[in-house]
$ cat structure.tsv   # TSV, C-alpha atoms and all ligand atoms
chain	number	residue	atom	x	y	z
Y	1	MET	CA	5.03	9.40	5.47
Y	2	ILE	CA	7.77	8.55	2.95
Y	3	GLU	CA	7.98	9.93	-0.52
Y	4	PHE	CA	10.56	9.15	-3.18
Y	5	LYS	CA	10.32	11.32	-6.30
Y	6	ASN	CA	12.28	10.45	-9.39
Y	7	VAL	CA	15.43	9.43	-7.52
Y	8	TYR	CA	18.55	8.60	-9.54
Y	9	LYS	CA	21.83	7.16	-8.34
Y	10	ASP	CA	24.91	6.60	-10.46
Y	11	TYR	CA	28.02	4.82	-9.24
Y	12	GLY	CA	30.30	6.08	-12.01
Y	13	GLN	CA	29.04	4.40	-15.15
Y	14	ASN	CA	26.72	2.12	-13.18
Y	15	HIS	CA	23.17	3.52	-13.09
Y	16	ALA	CA	21.92	1.84	-9.94
Y	17	LEU	CA	18.66	3.85	-9.68
Y	18	LYS	CA	17.09	5.17	-12.87
Y	19	GLY	CA	14.41	7.50	-11.56
Y	20	ILE	CA	12.36	5.70	-8.92
Y	21	SER	CA	9.21	7.10	-7.33
Y	22	PHE	CA	7.09	5.54	-4.62
Y	23	SER	CA	5.42	6.52	-1.40
Y	24	VAL	CA	4.64	4.82	1.89
Y	25	LYS	CA	1.63	5.84	3.94
Y	26	GLN	CA	1.61	6.06	7.71
Y	27	GLY	CA	1.08	2.67	9.32
Y	28	GLU	CA	1.92	0.69	6.21
Y	29	ILE	CA	4.37	-2.19	6.09
Y	30	LEU	CA	5.82	-1.89	2.63
Y	31	GLY	CA	7.68	-4.80	1.09
Y	32	PHE	CA	10.57	-3.54	-1.00
Y	33	LEU	CA	11.20	-6.51	-3.20
Y	34	GLY	CA	13.71	-7.20	-5.92
Y	35	PRO	CA	16.46	-9.61	-6.94
Y	36	ASN	CA	20.05	-9.12	-5.82
Y	37	GLY	CA	21.61	-6.07	-7.42
Y	38	ALA	CA	18.21	-4.47	-8.17
Y	39	GLY	CA	19.01	-1.30	-6.23
Y	40	LYS	CA	17.21	-1.97	-2.93
Y	41	SER	CA	20.12	-1.18	-0.61
Y	42	THR	CA	21.05	1.87	-2.66
Y	43	ALA	CA	17.51	3.25	-2.32
Y	44	LEU	CA	17.38	2.50	1.41
Y	45	ASN	CA	20.78	4.02	2.03
Y	46	ILE	CA	19.58	7.19	0.30
Y	47	LEU	CA	16.38	7.18	2.32
Y	48	THR	CA	18.29	6.83	5.57
Y	49	GLY	CA	20.82	9.49	4.67
Y	50	TYR	CA	23.85	7.19	4.32
Y	51	LEU	CA	24.22	7.91	0.59
Y	52	SER	CA	23.55	10.97	-1.52
Y	53	ALA	CA	21.39	10.71	-4.62
Y	54	THR	CA	22.49	11.83	-8.07
Y	55	ALA	CA	19.11	13.50	-8.64
Y	56	GLY	CA	15.57	13.52	-7.30
Y	57	GLU	CA	13.76	14.30	-4.07
Y	58	ALA	CA	12.96	12.27	-0.97
Y	59	PHE	CA	10.87	13.16	2.05
Y	60	VAL	CA	10.21	11.62	5.45
Y	61	ASP	CA	7.12	12.98	7.18
Y	62	GLY	CA	7.29	16.02	4.89
Y	63	VAL	CA	10.96	16.76	5.71
Y	64	SER	CA	13.39	16.71	2.78
Y	65	ILE	CA	16.15	14.15	3.29
Y	66	PHE	CA	18.50	16.04	1.00
Y	67	GLU	CA	17.86	19.54	2.35
Y	68	ASN	CA	17.32	18.76	6.01
Y	69	PRO	CA	19.04	15.40	6.61
Y	70	MET	CA	19.47	15.75	10.39
Y	71	GLU	CA	15.78	16.39	10.97
Y	72	ALA	CA	14.70	13.66	8.51
Y	73	LYS	CA	17.06	11.10	10.06
Y	74	LYS	CA	15.47	11.56	13.49
Y	75	GLN	CA	12.28	10.06	12.10
Y	76	ILE	CA	13.99	6.90	10.84
Y	77	GLY	CA	15.36	3.82	12.57
Y	78	PHE	CA	17.53	1.77	10.24
Y	79	LEU	CA	18.62	-1.84	10.39
Y	80	PRO	CA	21.19	-2.12	7.59
Y	81	GLU	CA	22.07	-5.41	5.95
Y	82	MET	CA	25.17	-5.48	8.16
Y	83	PRO	CA	23.98	-4.16	11.55
Y	84	PRO	CA	26.54	-1.80	13.11
Y	85	LEU	CA	27.16	-3.92	16.20
Y	86	TYR	CA	30.21	-3.85	18.47
Y	87	PRO	CA	30.91	-7.48	19.38
Y	88	GLU	CA	33.01	-6.60	22.43
Y	89	MET	CA	30.18	-4.63	24.03
Y	90	ARG	CA	27.44	-6.01	26.21
Y	91	VAL	CA	23.90	-5.63	24.89
Y	92	GLY	CA	22.86	-3.02	27.48
Y	93	GLU	CA	26.12	-1.14	27.10
Y	94	TYR	CA	25.71	-1.01	23.33
Y	95	LEU	CA	22.13	0.26	23.51
Y	96	ASN	CA	23.25	2.99	25.91
Y	97	PHE	CA	25.99	3.87	23.46
Y	98	VAL	CA	23.47	4.18	20.59
Y	99	TYR	CA	21.20	6.21	22.88
Y	100	ASP	CA	24.04	8.72	23.30
Y	101	LEU	CA	24.92	8.68	19.59
Y	102	LYS	CA	21.34	9.52	18.68
Y	103	ASN	CA	21.24	12.18	21.38
Y	104	CYS	CA	18.00	10.65	22.55
Y	105	LYS	CA	15.83	12.68	24.92
Y	106	ILE	CA	13.43	9.99	26.14
Y	107	SER	CA	13.99	8.82	29.74
Y	108	ARG	CA	17.06	6.59	29.26
Y	109	LYS	CA	16.54	3.63	31.57
Y	110	GLN	CA	12.84	3.28	30.90
Y	111	HIS	CA	13.27	3.62	27.14
Y	112	ILE	CA	16.03	1.01	26.88
Y	113	ASN	CA	14.14	-1.36	29.20
Y	114	ASP	CA	10.98	-0.94	27.14
Y	115	ILE	CA	12.82	-1.70	23.89
Y	116	CYS	CA	14.49	-4.77	25.40
Y	117	GLU	CA	11.09	-5.96	26.51
Y	118	VAL	CA	9.55	-5.49	23.04
Y	119	VAL	CA	12.36	-7.25	21.16
Y	120	LYS	CA	12.79	-9.85	23.93
Y	121	LEU	CA	16.36	-9.00	24.90
Y	122	SER	CA	15.84	-8.32	28.61
Y	123	HIS	CA	17.38	-11.64	29.68
Y	124	VAL	CA	20.58	-11.14	27.63
Y	125	LYS	CA	21.27	-7.50	28.48
Y	126	ASN	CA	24.50	-8.39	30.25
Y	127	ARG	CA	25.80	-10.75	27.58
Y	128	LEU	CA	28.59	-9.82	25.18
Y	129	ILE	CA	27.17	-9.26	21.70
Y	130	LYS	CA	29.78	-11.54	20.15
Y	131	ASN	CA	28.46	-14.48	22.18
Y	132	LEU	CA	24.87	-14.12	20.96
Y	133	SER	CA	23.29	-16.25	18.23
Y	134	LYS	CA	22.69	-14.63	14.86
Y	135	GLY	CA	18.98	-14.29	15.64
Y	136	TYR	CA	19.72	-12.45	18.87
Y	137	LYS	CA	22.31	-10.24	17.18
Y	138	GLN	CA	19.57	-9.30	14.74
Y	139	ARG	CA	17.31	-8.41	17.67
Y	140	VAL	CA	20.04	-6.13	18.99
Y	141	GLY	CA	20.17	-4.55	15.52
Y	142	ILE	CA	16.42	-3.98	15.65
Y	143	ALA	CA	16.69	-2.60	19.20
Y	144	GLN	CA	19.20	0.04	18.10
Y	145	ALA	CA	16.84	1.05	15.30
Y	146	LEU	CA	14.07	1.56	17.86
Y	147	ILE	CA	16.05	3.95	20.04
Y	148	GLY	CA	14.52	7.42	19.85
Y	149	ASN	CA	11.15	5.87	18.96
Y	150	PRO	CA	11.31	6.85	15.26
Y	151	LYS	CA	8.08	6.93	13.24
Y	152	VAL	CA	9.66	5.01	10.39
Y	153	LEU	CA	11.62	1.76	10.56
Y	154	VAL	CA	13.68	0.53	7.63
Y	155	PHE	CA	14.83	-3.09	7.63
Y	156	ASP	CA	17.27	-4.23	4.96
Y	157	GLU	CA	17.07	-8.02	4.47
Y	158	PRO	CA	16.51	-8.69	8.19
Y	159	THR	CA	16.14	-12.47	7.92
Y	160	VAL	CA	19.13	-13.27	5.71
Y	161	GLY	CA	21.34	-15.93	7.26
Y	162	LEU	CA	18.91	-16.87	10.04
Y	163	ASP	CA	17.60	-20.36	10.71
Y	164	PRO	CA	13.89	-21.08	10.07
Y	165	LYS	CA	12.84	-20.59	13.70
Y	166	GLN	CA	14.68	-17.28	13.95
Y	167	ILE	CA	13.17	-16.19	10.62
Y	168	ILE	CA	9.64	-16.72	11.97
Y	169	GLU	CA	10.50	-14.84	15.17
Y	170	ILE	CA	11.96	-11.86	13.33
Y	171	ARG	CA	9.03	-11.74	10.87
Y	172	ASN	CA	6.57	-11.76	13.77
Y	173	LEU	CA	8.54	-9.02	15.48
Y	174	VAL	CA	8.45	-6.87	12.31
Y	175	LYS	CA	4.69	-7.43	12.06
Y	176	MET	CA	4.21	-6.43	15.65
Y	177	LEU	CA	6.33	-3.29	15.25
Y	178	GLY	CA	4.17	-2.44	12.24
Y	179	LYS	CA	1.31	-1.66	14.64
Y	180	GLU	CA	3.20	1.34	15.98
Y	181	HIS	CA	5.52	2.30	13.13
Y	182	THR	CA	5.57	2.77	9.38
Y	183	ILE	CA	7.92	0.11	8.01
Y	184	ILE	CA	9.89	-0.57	4.86
Y	185	LEU	CA	11.05	-4.15	4.67
Y	186	SER	CA	13.57	-4.85	1.95
Y	187	THR	CA	13.81	-8.45	0.88
Y	188	HIS	CA	14.30	-10.74	-2.07
Y	189	ILE	CA	12.05	-13.37	-0.47
Y	190	LEU	CA	8.52	-13.22	-1.83
Y	191	PRO	CA	6.77	-15.28	0.89
Y	192	GLU	CA	8.22	-12.89	3.45
Y	193	VAL	CA	6.38	-10.04	1.75
Y	194	GLN	CA	3.17	-12.07	1.59
Y	195	GLN	CA	3.36	-12.87	5.29
Y	196	VAL	CA	4.40	-9.52	6.65
Y	197	CYS	CA	3.50	-6.67	4.29
Y	198	SER	CA	0.37	-4.83	3.24
Y	199	ARG	CA	1.83	-3.51	-0.01
Y	200	VAL	CA	4.75	-4.31	-2.26
Y	201	VAL	CA	7.00	-2.26	-4.49
Y	202	VAL	CA	9.05	-4.38	-6.86
Y	203	ILE	CA	12.34	-2.99	-8.10
Y	204	ASN	CA	14.49	-4.44	-10.85
Y	205	GLU	CA	17.62	-3.02	-12.46
Y	206	GLY	CA	17.03	0.36	-10.87
Y	207	LEU	CA	13.40	0.70	-12.00
Y	208	ILE	CA	10.10	0.18	-10.19
Y	209	VAL	CA	8.27	-2.59	-12.06
Y	210	ALA	CA	5.26	-2.98	-9.75
Y	211	ASP	CA	3.54	-1.09	-6.94
Y	212	GLU	CA	0.56	-3.01	-5.60
Y	213	SER	CA	-1.30	-3.96	-2.48
Y	214	ILE	CA	-0.79	-7.62	-1.61
Y	215	GLU	CA	-4.55	-8.07	-1.91
Y	216	THR	CA	-4.65	-6.63	-5.44
Y	217	LEU	CA	-1.82	-8.87	-6.47
Y	218	THR	CA	-3.49	-11.93	-4.98
Y	219	GLU	CA	-6.94	-11.03	-6.33
Y	220	ALA	CA	-5.52	-10.51	-9.79
Y	221	LEU	CA	-4.02	-13.98	-9.61
Y	222	GLU	CA	-7.24	-15.51	-8.39
Y	223	GLY	CA	-9.45	-13.75	-10.95
Y	224	THR	CA	-7.54	-14.94	-13.98
Y	225	ARG	CA	-7.47	-18.11	-16.06
Y	226	ARG	CA	-4.16	-18.94	-17.66
Y	227	TYR	CA	-3.23	-21.30	-20.43
Y	228	ILE	CA	-0.13	-22.20	-22.32
Y	229	ALA	CA	-1.06	-22.56	-25.98
Y	230	LYS	CA	1.20	-24.15	-28.57
Y	231	ILE	CA	0.32	-22.63	-31.94
Y	232	CYS	CA	1.70	-23.15	-35.46
Y	233	GLY	CA	2.23	-19.98	-37.49
Y	234	ALA	CA	4.47	-16.92	-37.74
Y	235	GLU	CA	5.07	-15.67	-34.20
Y	236	GLN	CA	4.36	-11.97	-34.69
Y	237	ASP	CA	1.19	-12.62	-36.73
Y	238	VAL	CA	-0.20	-15.08	-34.19
Y	239	LEU	CA	0.66	-12.75	-31.31
Y	240	LYS	CA	-1.09	-9.85	-33.04
Y	241	LEU	CA	-4.19	-11.97	-33.55
Y	242	LEU	CA	-4.20	-13.21	-29.94
Y	243	ARG	CA	-3.86	-9.69	-28.60
Y	244	SER	CA	-6.77	-8.53	-30.77
Y	245	LEU	CA	-9.17	-11.11	-29.28
Y	246	PRO	CA	-11.66	-9.53	-26.85
Y	247	VAL	CA	-11.92	-12.78	-24.84
Y	248	LEU	CA	-8.24	-12.57	-23.86
Y	249	ARG	CA	-6.75	-10.23	-21.34
Y	250	SER	CA	-3.17	-10.72	-22.46
Y	251	ALA	CA	-0.90	-12.89	-24.59
Y	252	ASP	CA	2.86	-13.29	-24.42
Y	253	VAL	CA	5.40	-15.45	-26.17
Y	254	ILE	CA	7.07	-17.79	-23.72
Y	255	GLY	CA	9.22	-19.76	-26.12
Y	256	ALA	CA	9.66	-21.35	-29.50
Y	257	GLN	CA	8.95	-25.06	-29.17
Y	258	ASP	CA	10.26	-26.21	-32.52
Y	259	ALA	CA	10.56	-24.96	-36.08
Y	260	ASN	CA	6.78	-24.84	-36.57
Y	261	SER	CA	5.17	-23.91	-33.30
Y	262	VAL	CA	5.53	-21.28	-30.59
Y	263	SER	CA	4.26	-21.35	-26.99
Y	264	TYR	CA	2.21	-18.44	-25.67
Y	265	LEU	CA	1.01	-17.64	-22.18
Y	266	ILE	CA	-2.54	-16.36	-22.53
Y	267	GLU	CA	-4.82	-14.97	-19.85
Y	268	SER	CA	-8.55	-14.42	-19.70
Y	269	ASP	CA	-11.02	-13.31	-17.08
Y	270	GLU	CA	-11.89	-16.11	-14.68
Y	271	ASN	CA	-15.54	-15.98	-15.78
Y	272	ILE	CA	-14.76	-16.43	-19.46
Y	273	ASP	CA	-13.98	-19.71	-21.18
Y	274	ALA	CA	-11.82	-18.43	-24.01
Y	275	ARG	CA	-11.01	-21.81	-25.53
Y	276	VAL	CA	-13.72	-22.06	-28.21
Y	277	PRO	CA	-13.43	-18.44	-29.46
Y	278	LEU	CA	-9.66	-18.89	-29.43
Y	279	PHE	CA	-9.86	-22.05	-31.53
Y	280	ASN	CA	-12.30	-20.45	-34.01
Y	281	ALA	CA	-10.26	-17.27	-34.43
Y	282	LEU	CA	-7.04	-19.18	-35.04
Y	283	ALA	CA	-8.66	-21.72	-37.37
Y	284	ALA	CA	-10.19	-18.90	-39.45
Y	285	LYS	CA	-6.67	-17.66	-40.18
Y	286	GLY	CA	-5.23	-21.11	-40.77
Y	287	TYR	CA	-3.22	-21.30	-37.54
Y	288	ALA	CA	-3.35	-24.66	-35.76
Y	289	ILE	CA	-3.43	-25.06	-31.99
Y	290	ILE	CA	-1.42	-28.18	-31.25
Y	291	GLY	CA	-1.49	-27.88	-27.48
Y	292	LEU	CA	-3.49	-26.08	-24.80
Y	293	GLU	CA	-2.99	-26.58	-21.07
Y	294	GLY	CA	-4.26	-24.67	-18.08
Y	295	VAL	CA	-1.59	-23.32	-15.69
Y	296	ASP	CA	-1.64	-22.28	-12.07
Y	297	MET	CA	0.40	-19.22	-11.40
Y	298	SER	CA	1.84	-18.33	-8.03
Y	299	LEU	CA	2.96	-14.95	-6.78
Y	300	GLU	CA	6.45	-16.28	-7.33
Y	301	ASP	CA	5.72	-16.64	-11.05
Y	302	VAL	CA	4.34	-13.12	-11.19
Y	303	PHE	CA	7.46	-11.85	-9.52
Y	304	VAL	CA	9.70	-13.64	-11.97
Y	305	ARG	CA	7.68	-12.19	-14.84
Y	306	LEU	CA	7.84	-8.71	-13.39
Y	307	VAL	CA	11.58	-8.79	-13.13
Y	308	SER	CA	12.25	-10.47	-16.45
Y	309	ASN	CA	13.84	-8.24	-19.05
Y	310	LYS	CA	11.12	-9.06	-21.50
Y	311	GLU	CA	8.51	-7.62	-19.20
Y	312	LYS	CA	10.49	-4.45	-18.80
Y	313	ARG	CA	10.78	-3.94	-22.55
Y	314	GLU	CA	7.03	-4.16	-22.74
Y	315	GLY	CA	6.59	-1.41	-20.20
Y	316	GLY	CA	6.92	-3.14	-16.84
Y	317	LYS	CA	3.74	-3.87	-14.94
Y	318	ARG	CA	0.87	-5.39	-16.84
Y	319	ARG	CA	-2.02	-7.68	-16.01
R	1	LIG	P1	20.33	-4.76	-3.93
R	1	LIG	O1	20.34	-4.17	-2.56
R	1	LIG	O2	18.99	-4.78	-4.55
R	1	LIG	O3	21.01	-6.09	-4.00
R	1	LIG	P2	22.27	-2.66	-4.53
R	1	LIG	O4	21.60	-1.37	-4.23
R	1	LIG	O5	23.23	-3.19	-3.52
R	1	LIG	O6	21.18	-3.77	-4.89
R	1	LIG	O7	23.05	-2.53	-5.92
R	1	LIG	C1	22.49	-1.96	-7.09
R	1	LIG	C2	23.57	-1.86	-8.15
R	1	LIG	O8	24.55	-0.89	-7.77
R	1	LIG	C3	24.33	-3.15	-8.40
R	1	LIG	O9	24.65	-3.21	-9.76
R	1	LIG	C4	25.57	-2.98	-7.55
R	1	LIG	O10	26.64	-3.71	-8.11
R	1	LIG	C5	25.82	-1.49	-7.67
R	1	LIG	N1	26.50	-0.93	-6.49
R	1	LIG	C6	26.06	-0.96	-5.22
R	1	LIG	N2	26.91	-0.31	-4.39
R	1	LIG	C7	27.91	0.16	-5.16
R	1	LIG	C8	29.10	0.93	-4.92
R	1	LIG	N3	29.41	1.36	-3.70
R	1	LIG	N4	29.90	1.21	-5.98
R	1	LIG	C9	29.59	0.81	-7.22
R	1	LIG	N5	28.48	0.08	-7.53
R	1	LIG	C10	27.65	-0.24	-6.52

$ encode --input "structure.tsv" --output "structure tokens"
Amino acid sequence: MIEFKNVYKDYGQNHALKGISFSVKQGEILGFLGPNGAGKSTALNILTGYLSATAGEAFVDGVSIFENPMEAKKQIGFLPEMPPLYPEMRVGEYLNFVYDLKNCKISRKQHINDICEVVKLSHVKNRLIKNLSKGYKQRVGIAQALIGNPKVLVFDEPTVGLDPKQIIEIRNLVKMLGKEHTIILSTHILPEVQQVCSRVVVINEGLIVADESIETLTEALEGTRRYIAKICGAEQDVLKLLRSLPVLRSADVIGAQDANSVSYLIESDENIDARVPLFNALAAKGYAIIGLEGVDMSLEDVFVRLVSNKEKREGGKRR
């Protein structure tokens, strides 16, 4: 339904997108996750036709956004980070205004009533937008995105600045809309992705560093044993040895503890107890393990690792 192919965006000397590719299938709710400044808004603004790209290709339902922007835009409803609301307008008036802007052809009254019903705005249709709470303003923003019944909905940080109750309501609304629409939900909040999305693309410094189903990510976490090992010996030599051990899935330096020892995060398959082979292999080379503790890793930790510069130097995604 959505395809991004090698999209670049430069703001002068600032390379905001450095060749990103990802796709979203029909009916998916994709979490577009990354820290502030990662390039999420830039990518979404390109997708929704608000910004041009420096290079690359992007398609919505097979229609090129760059070659046929008017046609592509019809398939997309966009809730930007700052929804384009007019505070002096009443809710109903504003939705009629957007209906005209989009040159919508669906039966006007019925369509606007239906949308108000879905996003639970019917009882505030005559209220001035400026007098609504932030949560309700966000609903109005979502309502305008729904006008024209687009196949794709793009939400840029829809829960930022809302209180906890409003956050739950908006997340539930996004989930519900996901039954009828393909959705991209941009956020920097990991639990939001876990609760709402079926897949996640992680972006950092203009590069995609992960593209996974939520299940794969969770399964990978569950199927792995992790330890922090404190080992005496030259860092690069120890690391090389650790990475050569068949019982380990991965090994990474996580910090020098003192002059003599270095801490490593090591991972093995859940079914393997790597501790004895690890001890034997290190002892054979004269390296001493002076600490070994098991660690629980959350999705949050994985996210932090994915977006750390170190990870990127090593080639981004790895498990
Ligand atoms: P995110 O939405 O993930 O927070 P953005 O897409 O807003 O990230 O920003 C990506 C990078 O591009 C950042 O370094 C940001 O400072 C820069 N940037 C965004 N918009 C502009 C602009 N209009 N002019 C120059 N730089 C920009």

$ residues_near_ligand --input "structure.tsv" --ligand "ligand LIG 1 (chain R)" --cutoff "6 Å" --atoms "all atoms listed in the file" --output "PyMOL selection string"
chain Y and resi 11+16+34-42

$ atom_distance --input "structure.tsv" --atom1 "CA of His181 in chain Y" --atom2 "CA of Pro150 in chain Y"
7.7 Å

$ closest_residue --input "structure.tsv" --among "Y:Glu180, Y:Glu3, Y:Asp296, Y:Glu57" --to "Glu28 in chain Y" --atoms "all atoms listed in the file"
Y:Glu180

$ residues_around --input "structure.tsv" --residues "Leu44 in chain Y" --least-positions-apart "4" --cutoff "9 Å" --atoms "all atoms listed in the file" --output "mmCIF file with C-alpha atoms, in the coordinates of the input"
data_model
loop_
_atom_site.group_PDB
_atom_site.id
_atom_site.type_symbol
_atom_site.label_atom_id
_atom_site.label_comp_id
_atom_site.auth_asym_id
_atom_site.auth_seq_id
_atom_site.Cartn_x
_atom_site.Cartn_y
_atom_site.Cartn_z
ATOM 1 C CA GLY Y 39 19.010 -1.300 -6.230
ATOM 2 C CA LYS Y 40 17.210 -1.970 -2.930
ATOM 3 C CA THR Y 48 18.290 6.830 5.570
ATOM 4 C CA GLY Y 49 20.820 9.490 4.670
ATOM 5 C CA TYR Y 50 23.850 7.190 4.320
ATOM 6 C CA LEU Y 51 24.220 7.910 0.590
ATOM 7 C CA PHE Y 78 17.530 1.770 10.240
ATOM 8 C CA PRO Y 80 21.190 -2.120 7.590
ATOM 9 C CA VAL Y 154 13.680 0.530 7.630
ATOM 10 C CA PHE Y 155 14.830 -3.090 7.630
ATOM 11 C CA ASP Y 156 17.270 -4.230 4.960
ATOM 12 C CA ILE Y 184 9.890 -0.570 4.860
ATOM 13 C CA SER Y 186 13.570 -4.850 1.950
#

$ closest_residue --input "structure.tsv" --among "Y:His15, Y:Lys285, Y:Lys5, Y:Lys25" --to "Ala234 in chain Y" --atoms "only C-alpha atoms"
Y:Lys285

$ closest_residue --input "structure.tsv" --among "Y:Gly178, Y:Gly62, Y:Gly31, Y:Pro191" --to "Ala210 in chain Y" --atoms "all atoms listed in the file"
Y:Gly31

$ atom_distance --input "structure.tsv" --atom1 "CA of Thr159 in chain Y" --atom2 "CA of Leu85 in chain Y"
16.2 Å

$ residues_around --input "structure.tsv" --residues "Arg171 in chain Y" --least-positions-apart "2" --cutoff "8 Å" --atoms "only C-alpha atoms" --output "list in words"
Thr159, Ile167, Ile168, Glu169, Leu173, Val174, Lys175, Glu192 and Val196 of chain Y

$ closest_residue --input "structure.tsv" --among "Y:Ile29, Y:Val247, Y:Met1, Y:Val7" --to "Ile46 in chain Y" --atoms "only C-alpha atoms"
Y:Val7

$ atom_distance --input "structure.tsv" --atom1 "CA of Ser261 in chain Y" --atom2 "CA of Lys230 in chain Y"
6.2 Å

$ residues_around --input "structure.tsv" --residues "range 94-101 of chain Y" --least-positions-apart "4" --cutoff "10 Å" --atoms "only C-alpha atoms" --output "number ranges by chain"
Y: 85-90, 105-106, 108-109, 111-113, 115-116, 125, 128-129, 140-141, 143-148

$ write_last_selection --input "structure.tsv" --atoms "C-alpha atoms" --output "PDB file, keeping the file's coordinate frame"
ATOM      1  CA  LEU Y  85      27.160  -3.920  16.200  1.00  0.00           C
ATOM      2  CA  TYR Y  86      30.210  -3.850  18.470  1.00  0.00           C
ATOM      3  CA  PRO Y  87      30.910  -7.480  19.380  1.00  0.00           C
ATOM      4  CA  GLU Y  88      33.010  -6.600  22.430  1.00  0.00           C
ATOM      5  CA  MET Y  89      30.180  -4.630  24.030  1.00  0.00           C
ATOM      6  CA  ARG Y  90      27.440  -6.010  26.210  1.00  0.00           C
ATOM      7  CA  LYS Y 105      15.830  12.680  24.920  1.00  0.00           C
ATOM      8  CA  ILE Y 106      13.430   9.990  26.140  1.00  0.00           C
ATOM      9  CA  ARG Y 108      17.060   6.590  29.260  1.00  0.00           C
ATOM     10  CA  LYS Y 109      16.540   3.630  31.570  1.00  0.00           C
ATOM     11  CA  HIS Y 111      13.270   3.620  27.140  1.00  0.00           C
ATOM     12  CA  ILE Y 112      16.030   1.010  26.880  1.00  0.00           C
ATOM     13  CA  ASN Y 113      14.140  -1.360  29.200  1.00  0.00           C
ATOM     14  CA  ILE Y 115      12.820  -1.700  23.890  1.00  0.00           C
ATOM     15  CA  CYS Y 116      14.490  -4.770  25.400  1.00  0.00           C
ATOM     16  CA  LYS Y 125      21.270  -7.500  28.480  1.00  0.00           C
ATOM     17  CA  LEU Y 128      28.590  -9.820  25.180  1.00  0.00           C
ATOM     18  CA  ILE Y 129      27.170  -9.260  21.700  1.00  0.00           C
ATOM     19  CA  VAL Y 140      20.040  -6.130  18.990  1.00  0.00           C
ATOM     20  CA  GLY Y 141      20.170  -4.550  15.520  1.00  0.00           C
ATOM     21  CA  ALA Y 143      16.690  -2.600  19.200  1.00  0.00           C
ATOM     22  CA  GLN Y 144      19.200   0.040  18.100  1.00  0.00           C
ATOM     23  CA  ALA Y 145      16.840   1.050  15.300  1.00  0.00           C
ATOM     24  CA  LEU Y 146      14.070   1.560  17.860  1.00  0.00           C
ATOM     25  CA  ILE Y 147      16.050   3.950  20.040  1.00  0.00           C
ATOM     26  CA  GLY Y 148      14.520   7.420  19.850  1.00  0.00           C
TER      27      GLY Y 148
END

$ axis_aligned_box --input "structure.tsv" --around "range 63-70 of chain Y" --padding-each-side "5 Å" --output "JSON"
{"center_x": 15.2, "center_y": 16.8, "center_z": 5.7, "size_x": 18.5, "size_y": 15.4, "size_z": 19.4}

$ closest_residue --input "structure.tsv" --among "Y:Ile2, Y:Leu121, Y:Ile20, Y:Leu47" --to "Ile208 in chain Y" --atoms "all atoms listed in the file"
Y:Ile20
